[in-house]
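K.L.:
entry.cif is the file, holding mmCIF, N, CA and C atoms:
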data_target
loop_
_atom_site.label_atom_id
_atom_site.label_comp_id
_atom_site.auth_asym_id
_atom_site.auth_seq_id
_atom_site.Cartn_x
_atom_site.Cartn_y
_atom_site.Cartn_z
N MET J 1 114.89 12.73 -34.28
CA MET J 1 114.02 12.59 -33.16
C MET J 1 112.84 11.66 -33.48
N ILE J 2 112.24 11.82 -34.63
CA ILE J 2 111.10 10.97 -35.00
C ILE J 2 111.53 9.51 -35.00
N ALA J 3 112.71 9.26 -35.54
CA ALA J 3 113.19 7.88 -35.60
C ALA J 3 113.37 7.31 -34.19
N SER J 4 113.89 8.10 -33.28
CA SER J 4 114.09 7.59 -31.93
C SER J 4 112.77 7.34 -31.23
N VAL J 5 111.77 8.17 -31.50
CA VAL J 5 110.44 7.94 -30.92
C VAL J 5 109.86 6.65 -31.46
N ALA J 6 109.98 6.45 -32.78
CA ALA J 6 109.47 5.22 -33.39
C ALA J 6 110.17 4.00 -32.81
N LEU J 7 111.47 4.08 -32.65
CA LEU J 7 112.21 2.95 -32.10
C LEU J 7 111.83 2.68 -30.65
N ALA J 8 111.54 3.73 -29.91
CA ALA J 8 111.18 3.56 -28.52
C ALA J 8 109.80 2.91 -28.35
N HIS J 9 108.97 3.03 -29.37
CA HIS J 9 107.60 2.51 -29.27
C HIS J 9 107.38 1.24 -30.07
N GLY J 10 108.40 0.69 -30.64
CA GLY J 10 108.26 -0.58 -31.33
C GLY J 10 108.34 -0.46 -32.84
N ILE J 11 108.28 -1.59 -33.50
CA ILE J 11 108.38 -1.64 -34.95
C ILE J 11 106.98 -1.41 -35.54
N PRO J 12 106.83 -0.44 -36.43
CA PRO J 12 105.51 -0.14 -36.97
C PRO J 12 105.03 -1.22 -37.94
N HIS J 13 103.84 -1.68 -37.76
CA HIS J 13 103.15 -2.58 -38.67
C HIS J 13 101.67 -2.50 -38.36
N LYS J 14 100.83 -3.10 -39.20
CA LYS J 14 99.38 -2.97 -39.05
C LYS J 14 98.89 -3.38 -37.67
N GLY J 15 99.45 -4.41 -37.11
CA GLY J 15 98.99 -4.90 -35.82
C GLY J 15 99.60 -4.19 -34.63
N ASP J 16 100.45 -3.19 -34.89
CA ASP J 16 101.13 -2.48 -33.81
C ASP J 16 100.14 -1.64 -33.02
N LYS J 17 99.96 -1.95 -31.77
CA LYS J 17 99.02 -1.22 -30.92
C LYS J 17 99.70 -0.07 -30.16
N LEU J 18 100.95 0.19 -30.49
CA LEU J 18 101.69 1.21 -29.76
C LEU J 18 101.43 2.59 -30.35
N LEU J 19 102.23 3.54 -30.01
CA LEU J 19 101.97 4.94 -30.34
C LEU J 19 102.50 5.40 -31.70
N TYR J 20 103.04 4.51 -32.50
CA TYR J 20 103.68 4.93 -33.75
C TYR J 20 102.74 5.73 -34.64
N LYS J 21 101.49 5.30 -34.76
CA LYS J 21 100.55 5.99 -35.65
C LYS J 21 100.31 7.43 -35.22
N HIS J 22 100.45 7.72 -33.95
CA HIS J 22 100.22 9.08 -33.48
C HIS J 22 101.36 10.03 -33.87
N TYR J 23 102.53 9.47 -34.13
CA TYR J 23 103.67 10.30 -34.53
C TYR J 23 103.82 10.37 -36.04
N SER J 24 103.31 9.41 -36.76
CA SER J 24 103.58 9.35 -38.19
C SER J 24 102.49 9.95 -39.05
N ASN J 25 101.31 10.18 -38.52
CA ASN J 25 100.20 10.66 -39.33
C ASN J 25 99.85 12.08 -38.93
N ARG J 26 100.72 12.99 -39.21
CA ARG J 26 100.51 14.39 -38.85
C ARG J 26 100.27 15.22 -40.11
N PRO J 27 99.55 16.34 -39.97
CA PRO J 27 99.27 17.20 -41.14
C PRO J 27 100.46 18.10 -41.47
N TRP J 28 101.56 17.51 -41.94
CA TRP J 28 102.78 18.27 -42.20
C TRP J 28 102.58 19.34 -43.26
N ALA J 29 101.74 19.09 -44.25
CA ALA J 29 101.52 20.08 -45.31
C ALA J 29 100.96 21.37 -44.72
N HIS J 30 100.07 21.26 -43.75
CA HIS J 30 99.51 22.46 -43.12
C HIS J 30 100.58 23.23 -42.36
N LEU J 31 101.47 22.51 -41.71
CA LEU J 31 102.57 23.16 -40.99
C LEU J 31 103.46 23.93 -41.95
N PHE J 32 103.82 23.31 -43.07
CA PHE J 32 104.71 23.96 -44.03
C PHE J 32 104.05 25.20 -44.63
N GLU J 33 102.76 25.12 -44.92
CA GLU J 33 102.05 26.29 -45.45
C GLU J 33 102.01 27.42 -44.42
N ALA J 34 101.79 27.09 -43.16
CA ALA J 34 101.78 28.11 -42.11
C ALA J 34 103.15 28.75 -41.96
N GLN J 35 104.22 27.97 -42.11
CA GLN J 35 105.57 28.52 -42.04
C GLN J 35 105.82 29.49 -43.19
N LYS J 36 105.35 29.15 -44.38
CA LYS J 36 105.51 30.05 -45.54
C LYS J 36 104.77 31.36 -45.30
N GLU J 37 103.54 31.28 -44.78
CA GLU J 37 102.76 32.49 -44.50
C GLU J 37 103.45 33.35 -43.44
N TYR J 38 103.97 32.71 -42.41
CA TYR J 38 104.65 33.45 -41.35
C TYR J 38 105.91 34.13 -41.88
N ARG J 39 106.60 33.45 -42.77
CA ARG J 39 107.80 34.05 -43.36
C ARG J 39 107.43 35.32 -44.13
N GLN J 40 106.30 35.31 -44.83
CA GLN J 40 105.85 36.49 -45.57
C GLN J 40 105.52 37.64 -44.62
N VAL J 41 104.98 37.31 -43.46
CA VAL J 41 104.67 38.34 -42.47
C VAL J 41 105.97 38.98 -41.96
N LEU J 42 107.00 38.18 -41.75
CA LEU J 42 108.27 38.68 -41.21
C LEU J 42 109.20 39.25 -42.27
N GLN J 43 108.94 39.00 -43.53
CA GLN J 43 109.87 39.40 -44.60
C GLN J 43 110.21 40.89 -44.59
N PRO J 44 109.25 41.80 -44.37
CA PRO J 44 109.63 43.22 -44.32
C PRO J 44 110.69 43.53 -43.27
N MET J 45 110.63 42.85 -42.14
CA MET J 45 111.64 43.06 -41.10
C MET J 45 113.02 42.62 -41.60
N PHE J 46 113.06 41.46 -42.28
CA PHE J 46 114.34 40.97 -42.80
C PHE J 46 114.87 41.89 -43.91
N ASP J 47 113.96 42.43 -44.71
CA ASP J 47 114.38 43.33 -45.79
C ASP J 47 115.00 44.61 -45.25
N GLU J 48 114.56 45.07 -44.10
CA GLU J 48 115.09 46.30 -43.50
C GLU J 48 116.45 46.10 -42.85
N ALA J 49 116.77 44.88 -42.48
CA ALA J 49 118.06 44.63 -41.83
C ALA J 49 119.17 44.71 -42.88
N THR J 50 120.10 45.61 -42.68
CA THR J 50 121.16 45.81 -43.66
C THR J 50 122.40 44.98 -43.37
N SER J 51 122.57 44.58 -42.13
CA SER J 51 123.73 43.76 -41.78
C SER J 51 123.34 42.76 -40.70
N PRO J 52 124.09 41.67 -40.58
CA PRO J 52 123.78 40.69 -39.55
C PRO J 52 123.94 41.28 -38.15
N ALA J 53 123.12 40.82 -37.23
CA ALA J 53 123.24 41.29 -35.84
C ALA J 53 124.55 40.77 -35.25
N THR J 54 125.13 41.58 -34.42
CA THR J 54 126.38 41.17 -33.78
C THR J 54 126.16 40.85 -32.33
#
Would you mind writing the file's structure down as structure tokens?
P.N.:
Amino acid sequence: MIASVALAHGIPHKGDKLLYKHYSNRPWAHLFEAQKEYRQVLQPMFDEATSPAT
């Protein structure tokens, strides 16, 4: 999806006035850390499940 957005908005380079910079400069590290914390919150629920849901 990111690639298609970039292609739709032009080729990224310093002089590019399009939207590429808004899609490429995101705080991904913060997102990944939040996902790890959320997984820890949900882990007790997963530990209690003895079999896959049908």
K.L.:
Between atom N of Ser51 (chain J) and atom C of Tyr38 (chain J), measure the distance and give it in Å to one decimal.
P.N.:
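If I compute the distance from atom N of Ser51 (chain J) to atom C of Tyr38 (chain J), I get 19.7 Å.
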K.L.:
Give me, please, the distance in Å between CA of Pro44 (chain J) and CA of Pro27 (chain J), quoted to one decimal.
P.N.:
28.2 Å
K.L.:
Mind pulling up the distance from atom N of Glu48 (chain J) to CA of Lys36 (chain J)?
P.N.:
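It comes out at 17.6 Å.
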